[in-house]
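**Student:** Coordinates in input_21.cif, mmCIF, C-alpha atoms, are listed below.
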data_structure
#
loop_
_atom_site.label_atom_id
_atom_site.label_comp_id
_atom_site.auth_asym_id
_atom_site.auth_seq_id
_atom_site.Cartn_x
_atom_site.Cartn_y
_atom_site.Cartn_z
CA MET A 95 -5.27 125.92 2.05
CA ASP A 96 -4.81 127.65 5.43
CA ALA A 97 -5.73 125.59 8.45
CA ASP A 98 -8.04 128.32 9.82
CA VAL A 99 -10.20 128.42 6.72
CA TYR A 100 -13.60 126.87 7.32
CA GLU A 101 -14.35 123.85 5.16
CA PRO A 102 -17.97 122.76 4.70
CA PRO A 103 -18.61 119.17 5.78
CA PRO A 104 -18.45 116.59 2.99
CA ASP A 105 -21.99 115.36 3.70
CA GLY A 106 -25.35 117.06 4.21
CA ILE A 107 -26.70 120.03 2.27
CA GLU A 108 -23.50 122.03 2.56
CA GLY A 109 -21.35 119.25 1.15
CA TRP A 110 -23.86 118.57 -1.63
CA VAL A 111 -23.92 122.24 -2.67
CA ILE A 112 -20.15 122.55 -2.61
CA GLY A 113 -19.88 119.36 -4.66
CA LEU A 114 -22.25 120.81 -7.29
CA MET A 115 -20.23 124.02 -7.47
CA GLU A 116 -16.92 122.20 -7.71
CA ALA A 117 -18.24 119.93 -10.46
CA LEU A 118 -20.21 122.50 -12.50
CA GLY A 119 -19.02 125.91 -11.36
CA GLU A 120 -21.57 128.73 -11.36
CA PRO A 121 -24.26 126.61 -13.11
CA GLY A 122 -24.04 124.24 -10.15
CA ALA A 123 -25.06 127.10 -7.87
CA ALA A 124 -27.97 127.84 -10.22
CA ILE A 125 -29.16 124.22 -10.05
CA ALA A 126 -29.00 124.25 -6.24
CA VAL A 127 -31.04 127.47 -6.06
CA ALA A 128 -33.59 126.21 -8.59
CA LEU A 129 -34.10 123.08 -6.49
CA GLU A 130 -34.39 125.23 -3.37
CA ASN A 131 -37.34 127.00 -5.01
CA LEU A 132 -39.03 123.69 -5.71
CA PHE A 133 -38.15 122.01 -2.40
CA PRO A 134 -38.28 124.72 0.32
CA PRO A 135 -36.62 122.52 3.00
CA ILE A 136 -33.39 123.22 1.08
CA PRO A 137 -32.59 126.67 2.51
CA SER A 138 -31.37 129.47 0.25
CA GLU A 139 -29.87 131.01 3.39
CA VAL A 140 -27.25 128.23 3.20
CA ILE A 141 -26.84 127.91 -0.57
CA LEU A 142 -26.35 131.59 -1.37
CA PRO A 143 -23.69 132.36 1.28
CA LEU A 144 -21.90 129.17 0.21
CA ALA A 145 -21.77 130.53 -3.35
CA GLY A 146 -20.29 133.74 -1.96
CA PHE A 147 -17.76 131.76 0.07
CA ALA A 148 -16.78 129.81 -3.05
CA ALA A 149 -16.29 133.12 -4.88
CA ASN A 150 -14.16 134.36 -2.00
CA ARG A 151 -11.95 131.27 -2.38
CA GLY A 152 -11.66 131.92 -6.12
CA ASP A 153 -13.68 128.86 -7.13
CA LEU A 154 -16.44 131.01 -8.63
CA ASN A 155 -16.65 134.47 -10.14
CA LEU A 156 -18.63 136.73 -7.80
CA TYR A 157 -20.71 138.45 -10.48
CA ALA A 158 -21.31 135.21 -12.34
CA ALA A 159 -22.41 133.57 -9.08
CA ILE A 160 -25.01 136.30 -8.53
CA ALA A 161 -26.19 136.08 -12.14
CA TRP A 162 -26.42 132.27 -12.16
CA THR A 163 -28.15 131.99 -8.78
CA THR A 164 -30.67 134.58 -9.97
CA ALA A 165 -31.22 132.55 -13.14
CA GLY A 166 -31.76 129.47 -10.97
CA SER A 167 -34.31 131.35 -8.85
CA VAL A 168 -36.23 132.43 -11.95
CA ALA A 169 -36.15 128.91 -13.40
CA GLY A 170 -37.56 127.41 -10.21
CA ALA A 171 -40.19 130.14 -9.98
CA LEU A 172 -41.25 129.48 -13.58
CA VAL A 173 -41.85 125.81 -12.77
CA LEU A 174 -44.09 126.76 -9.82
CA TYR A 175 -45.89 129.37 -11.95
CA GLY A 176 -46.53 126.68 -14.56
CA LEU A 177 -47.84 124.25 -11.95
CA GLY A 178 -50.22 126.88 -10.64
CA ALA A 179 -51.49 127.68 -14.13
CA LEU A 180 -51.79 124.02 -15.09
CA PHE A 181 -53.41 122.46 -12.03
CA GLY A 182 -55.25 125.32 -10.35
CA ARG A 183 -55.61 126.01 -6.65
CA GLU A 184 -57.64 123.07 -5.38
CA ARG A 185 -55.74 120.27 -7.10
CA LEU A 186 -52.35 121.78 -6.30
CA LEU A 187 -53.25 122.37 -2.66
CA ALA A 188 -54.44 118.77 -2.36
CA VAL A 189 -51.08 117.56 -3.69
CA VAL A 190 -49.05 119.87 -1.43
CA GLU A 191 -50.92 118.75 1.68
CA ARG A 192 -49.82 115.16 0.99
CA MET A 193 -46.15 116.05 0.46
CA PRO A 194 -43.76 115.63 3.41
CA LEU A 195 -41.67 118.63 4.49
CA VAL A 196 -43.69 121.03 2.29
CA GLY A 197 -46.13 123.25 4.17
CA ALA A 198 -49.52 124.01 2.66
CA ASP A 199 -49.63 126.98 5.04
CA ASP A 200 -46.87 128.66 3.04
CA LEU A 201 -49.01 128.38 -0.08
CA ARG A 202 -52.00 129.86 1.74
CA LYS A 203 -49.87 132.75 3.02
CA ALA A 204 -48.63 133.37 -0.51
CA GLU A 205 -52.21 133.35 -1.77
CA ALA A 206 -53.17 135.92 0.87
CA TRP A 207 -50.26 138.15 -0.16
CA PHE A 208 -51.15 137.90 -3.83
CA ALA A 209 -54.84 138.53 -3.18
CA ARG A 210 -54.05 141.61 -1.10
CA TYR A 211 -51.20 143.18 -3.04
CA GLY A 212 -51.51 141.82 -6.56
CA PRO A 213 -48.52 141.71 -8.96
CA ALA A 214 -46.29 143.75 -6.63
CA SER A 215 -46.37 140.83 -4.20
CA VAL A 216 -44.26 138.79 -6.64
CA PHE A 217 -41.39 141.29 -6.41
CA PHE A 218 -41.54 141.76 -2.65
CA GLY A 219 -42.46 138.13 -2.00
CA ARG A 220 -39.14 136.98 -3.45
CA MET A 221 -37.50 138.62 -0.42
CA VAL A 222 -39.78 137.11 2.23
CA PRO A 223 -38.45 133.72 3.40
CA LEU A 224 -41.81 132.25 4.34
CA ILE A 225 -43.38 132.75 0.91
CA ARG A 226 -40.55 133.50 -1.50
CA SER A 227 -40.99 130.26 -3.41
CA ALA A 228 -44.74 129.80 -2.95
CA ILE A 229 -45.63 133.28 -4.27
CA SER A 230 -45.14 131.99 -7.83
CA VAL A 231 -48.05 129.55 -7.46
CA PRO A 232 -50.90 132.06 -7.02
CA ALA A 233 -49.33 134.14 -9.78
CA GLY A 234 -49.73 131.13 -12.07
CA ILE A 235 -53.22 130.31 -10.80
CA GLU A 236 -54.36 133.87 -11.52
CA ARG A 237 -52.57 133.83 -14.89
CA MET A 238 -50.50 136.91 -14.12
CA PRO A 239 -49.02 138.08 -17.46
CA LEU A 240 -45.83 136.08 -17.92
CA PRO A 241 -43.58 139.04 -18.94
CA VAL A 242 -44.64 140.96 -15.82
CA PHE A 243 -44.09 137.87 -13.67
CA LEU A 244 -40.61 137.37 -15.12
CA VAL A 245 -39.58 140.99 -14.56
CA PHE A 246 -40.81 141.11 -10.95
CA THR A 247 -39.40 137.67 -10.13
CA THR A 248 -36.00 138.48 -11.63
CA LEU A 249 -35.69 141.82 -9.83
CA GLY A 250 -36.83 140.45 -6.46
CA SER A 251 -34.56 137.42 -6.76
CA LEU A 252 -31.62 139.61 -7.77
CA VAL A 253 -31.98 141.74 -4.64
CA TRP A 254 -32.26 138.72 -2.30
CA ASN A 255 -29.51 136.68 -3.95
CA THR A 256 -27.09 139.59 -4.15
CA LEU A 257 -27.55 140.27 -0.44
CA PHE A 258 -26.74 136.72 0.63
CA VAL A 259 -24.03 135.96 -1.93
CA LEU A 260 -22.24 139.19 -0.98
CA ALA A 261 -22.60 138.33 2.71
CA GLY A 262 -20.89 134.97 2.12
CA TYR A 263 -18.22 136.62 -0.01
CA LEU A 264 -17.42 139.33 2.54
CA LEU A 265 -17.46 136.96 5.52
CA GLY A 266 -15.28 134.41 3.73
CA ALA A 267 -14.41 131.55 6.08
CA ASN A 268 -16.91 132.97 8.58
CA TRP A 269 -19.85 132.61 6.16
CA PRO A 270 -21.80 130.35 8.60
CA LEU A 271 -22.39 133.52 10.64
CA VAL A 272 -24.95 134.47 7.97
CA GLU A 273 -27.30 131.81 9.35
CA ARG A 274 -27.09 133.35 12.82
CA TYR A 275 -28.50 136.63 11.54
CA VAL A 276 -31.07 135.16 9.14
CA ALA A 277 -33.94 135.19 11.66
CA PRO A 278 -33.76 138.90 12.58
CA LEU A 279 -32.97 139.77 8.97
CA SER A 280 -35.98 137.79 7.80
CA THR A 281 -38.18 139.62 10.29
CA PHE A 282 -36.82 142.95 9.09
CA VAL A 283 -37.38 142.02 5.45
CA LEU A 284 -40.90 140.82 6.19
CA VAL A 285 -41.82 144.06 7.98
CA ALA A 286 -40.13 146.21 5.33
CA CYS A 287 -41.88 144.39 2.48
CA ALA A 288 -45.25 144.54 4.19
CA THR A 289 -44.78 148.27 4.80
CA ALA A 290 -43.70 148.89 1.22
CA LEU A 291 -46.60 146.87 -0.15
CA THR A 292 -49.08 148.72 2.06
CA ALA A 293 -47.67 152.04 0.87
CA PHE A 294 -47.85 150.83 -2.73
CA VAL A 295 -51.51 149.84 -2.37
CA ALA A 296 -52.34 153.12 -0.62
CA VAL A 297 -50.79 155.15 -3.43
CA ARG A 298 -52.61 153.10 -6.05
CA LEU A 299 -55.96 153.49 -4.27
CA ARG A 300 -55.44 157.24 -3.90
CA ARG A 301 -54.64 157.51 -7.60
CA LEU A 302 -57.71 155.48 -8.54
CA ARG A 303 -59.92 157.71 -6.37
CA ARG A 304 -58.50 160.84 -8.01
CA GLU A 305 -59.09 159.34 -11.45
CA ARG A 306 -62.68 158.43 -10.54
CA ARG A 307 -63.34 161.94 -9.22
CA ALA A 308 -61.85 163.50 -12.34
CA ARG A 309 -63.90 161.23 -14.59
CA ARG A 310 -67.08 162.02 -12.65
CA ALA A 311 -66.36 165.74 -12.90
CA ARG A 312 -65.86 165.45 -16.67
CA GLU A 313 -69.11 163.51 -17.05
CA GLU A 314 -71.01 166.10 -15.02
CA ALA A 315 -69.45 168.93 -17.02
CA GLU A 316 -70.37 167.22 -20.28
CA SER A 317 -73.91 166.38 -19.15
CA GLY A 318 -74.57 169.99 -18.07
CA PRO A 319 -74.59 171.57 -21.56
CA ARG A 320 -76.58 168.61 -22.96
CA ALA A 321 -79.25 169.06 -20.26
CA HIS A 322 -79.61 172.77 -21.08
CA GLY A 323 -79.68 172.00 -24.80
#
Give the structure from the file, written as structure tokens.

**Tutor:**
Amino acid sequence: MDADVYEPPPDGIEGWVIGLMEALGEPGAAIAVALENLFPPIPSEVILPLAGFAANRGDLNLYAAIAWTTAGSVAGALVLYGLGALFGRERLLAVVERMPLVGADDLRKAEAWFARYGPASVFFGRMVPLIRSAISVPAGIERMPLPVFLVFTTLGSLVWNTLFVLAGYLLGANWPLVERYVAPLSTFVLVACATALTAFVAVRLRRLRRERRARRAREEAESGPRAHG
């Protein structure tokens, strides 16, 4: 290998992820991403570009890496959905508050998103770093229909994972640069998602108001002839 090609250190998160990928290939990337969903201190902003870097080196297939990391995201999200459905808000929050390195505030933020935006928050939430894992918990607590949850989670995860895997692939040996731009990118994604969700809710509310007006007009039109009769 060329001397100027960056090599991840053999220890730490980077070395662990590379070791998984070398041992298991694309499924190793899926396992790393699934664990990242369950243990947020493991950053997807490191794992996903590393998968892209491995694809750039020829160790992984690019499209398979995107598919497997998305499958890992969905698997991790399903576990959190199940925990939310099984334990409920109070018991789960009590457990989270006792866990080191896991913020209960992230769960509360995810709850606020879900309460405000409903099912759409699962899709957009998968692209918001602060709540992308935790958003599955309120979905489970509220018993969001599982097929809808799976569709929204898969699509949101696919967008996020594709972005970061491709960034690592295109940057190649310079993939650590992805981390430098994560903060402004995260801010942009957060603002964009919040704007899109607000627009979505506004459109839905406008449609509901139109439907209510139309229904009221029909009822008044139907009650008119009956009153004269």

**Student:** Using all atoms listed in the file, find the one residue out of A:Pro239, A:Gly176, A:Gly166, A:Gly109 that sits nearest to A:Ile125.

**Tutor:**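 Of A:Pro239, A:Gly176, A:Gly166, A:Gly109, the one nearest A:Ile125 is A:Gly166, counting all atoms listed in the file.
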
**Student:** Please expand the PyMOL selection byres ((chain A and resi 156-164) around 7) into the concrete residues it hits in this file, giving the result as a ChimeraX atom specification.

**Tutor:** /A:120-121,123-124,127,145-146,149,154-155,165-168,248,251-252,255-256,259

**Student:** Just give me the gap between atom CA of A:Leu244 and atom CA of A:Gly122 in Å, one decimal is fine.

**Tutor:**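 So the answer is 21.7 Å.
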
**Student:** Might you spell out which residues the PyMOL selection byres ((chain A and resi 243) around 12) would select in the displayed file, as an NGL selection string?

**Tutor:** :A and (168-169 or 171-172 or 174-176 or 212-220 or 229-234 or 236-242 or 244-251)

**Student:** Create the file for the chosen residues now, containing C-alpha atoms and written as a PDB file, in the coordinates of the input.

**Tutor:**
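Final file, out-v3.pdb:
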ATOM      1  CA  VAL A 168     -36.230 132.430 -11.950  1.00  0.00           C
ATOM      2  CA  ALA A 169     -36.150 128.910 -13.400  1.00  0.00           C
ATOM      3  CA  ALA A 171     -40.190 130.140  -9.980  1.00  0.00           C
ATOM      4  CA  LEU A 172     -41.250 129.480 -13.580  1.00  0.00           C
ATOM      5  CA  LEU A 174     -44.090 126.760  -9.820  1.00  0.00           C
ATOM      6  CA  TYR A 175     -45.890 129.370 -11.950  1.00  0.00           C
ATOM      7  CA  GLY A 176     -46.530 126.680 -14.560  1.00  0.00           C
ATOM      8  CA  GLY A 212     -51.510 141.820  -6.560  1.00  0.00           C
ATOM      9  CA  PRO A 213     -48.520 141.710  -8.960  1.00  0.00           C
ATOM     10  CA  ALA A 214     -46.290 143.750  -6.630  1.00  0.00           C
ATOM     11  CA  SER A 215     -46.370 140.830  -4.200  1.00  0.00           C
ATOM     12  CA  VAL A 216     -44.260 138.790  -6.640  1.00  0.00           C
ATOM     13  CA  PHE A 217     -41.390 141.290  -6.410  1.00  0.00           C
ATOM     14  CA  PHE A 218     -41.540 141.760  -2.650  1.00  0.00           C
ATOM     15  CA  GLY A 219     -42.460 138.130  -2.000  1.00  0.00           C
ATOM     16  CA  ARG A 220     -39.140 136.980  -3.450  1.00  0.00           C
ATOM     17  CA  ILE A 229     -45.630 133.280  -4.270  1.00  0.00           C
ATOM     18  CA  SER A 230     -45.140 131.990  -7.830  1.00  0.00           C
ATOM     19  CA  VAL A 231     -48.050 129.550  -7.460  1.00  0.00           C
ATOM     20  CA  PRO A 232     -50.900 132.060  -7.020  1.00  0.00           C
ATOM     21  CA  ALA A 233     -49.330 134.140  -9.780  1.00  0.00           C
ATOM     22  CA  GLY A 234     -49.730 131.130 -12.070  1.00  0.00           C
ATOM     23  CA  GLU A 236     -54.360 133.870 -11.520  1.00  0.00           C
ATOM     24  CA  ARG A 237     -52.570 133.830 -14.890  1.00  0.00           C
ATOM     25  CA  MET A 238     -50.500 136.910 -14.120  1.00  0.00           C
ATOM     26  CA  PRO A 239     -49.020 138.080 -17.460  1.00  0.00           C
ATOM     27  CA  LEU A 240     -45.830 136.080 -17.920  1.00  0.00           C
ATOM     28  CA  PRO A 241     -43.580 139.040 -18.940  1.00  0.00           C
ATOM     29  CA  VAL A 242     -44.640 140.960 -15.820  1.00  0.00           C
ATOM     30  CA  LEU A 244     -40.610 137.370 -15.120  1.00  0.00           C
ATOM     31  CA  VAL A 245     -39.580 140.990 -14.560  1.00  0.00           C
ATOM     32  CA  PHE A 246     -40.810 141.110 -10.950  1.00  0.00           C
ATOM     33  CA  THR A 247     -39.400 137.670 -10.130  1.00  0.00           C
ATOM     34  CA  THR A 248     -36.000 138.480 -11.630  1.00  0.00           C
ATOM     35  CA  LEU A 249     -35.690 141.820  -9.830  1.00  0.00           C
ATOM     36  CA  GLY A 250     -36.830 140.450  -6.460  1.00  0.00           C
ATOM     37  CA  SER A 251     -34.560 137.420  -6.760  1.00  0.00           C
TER      38      SER A 251
END
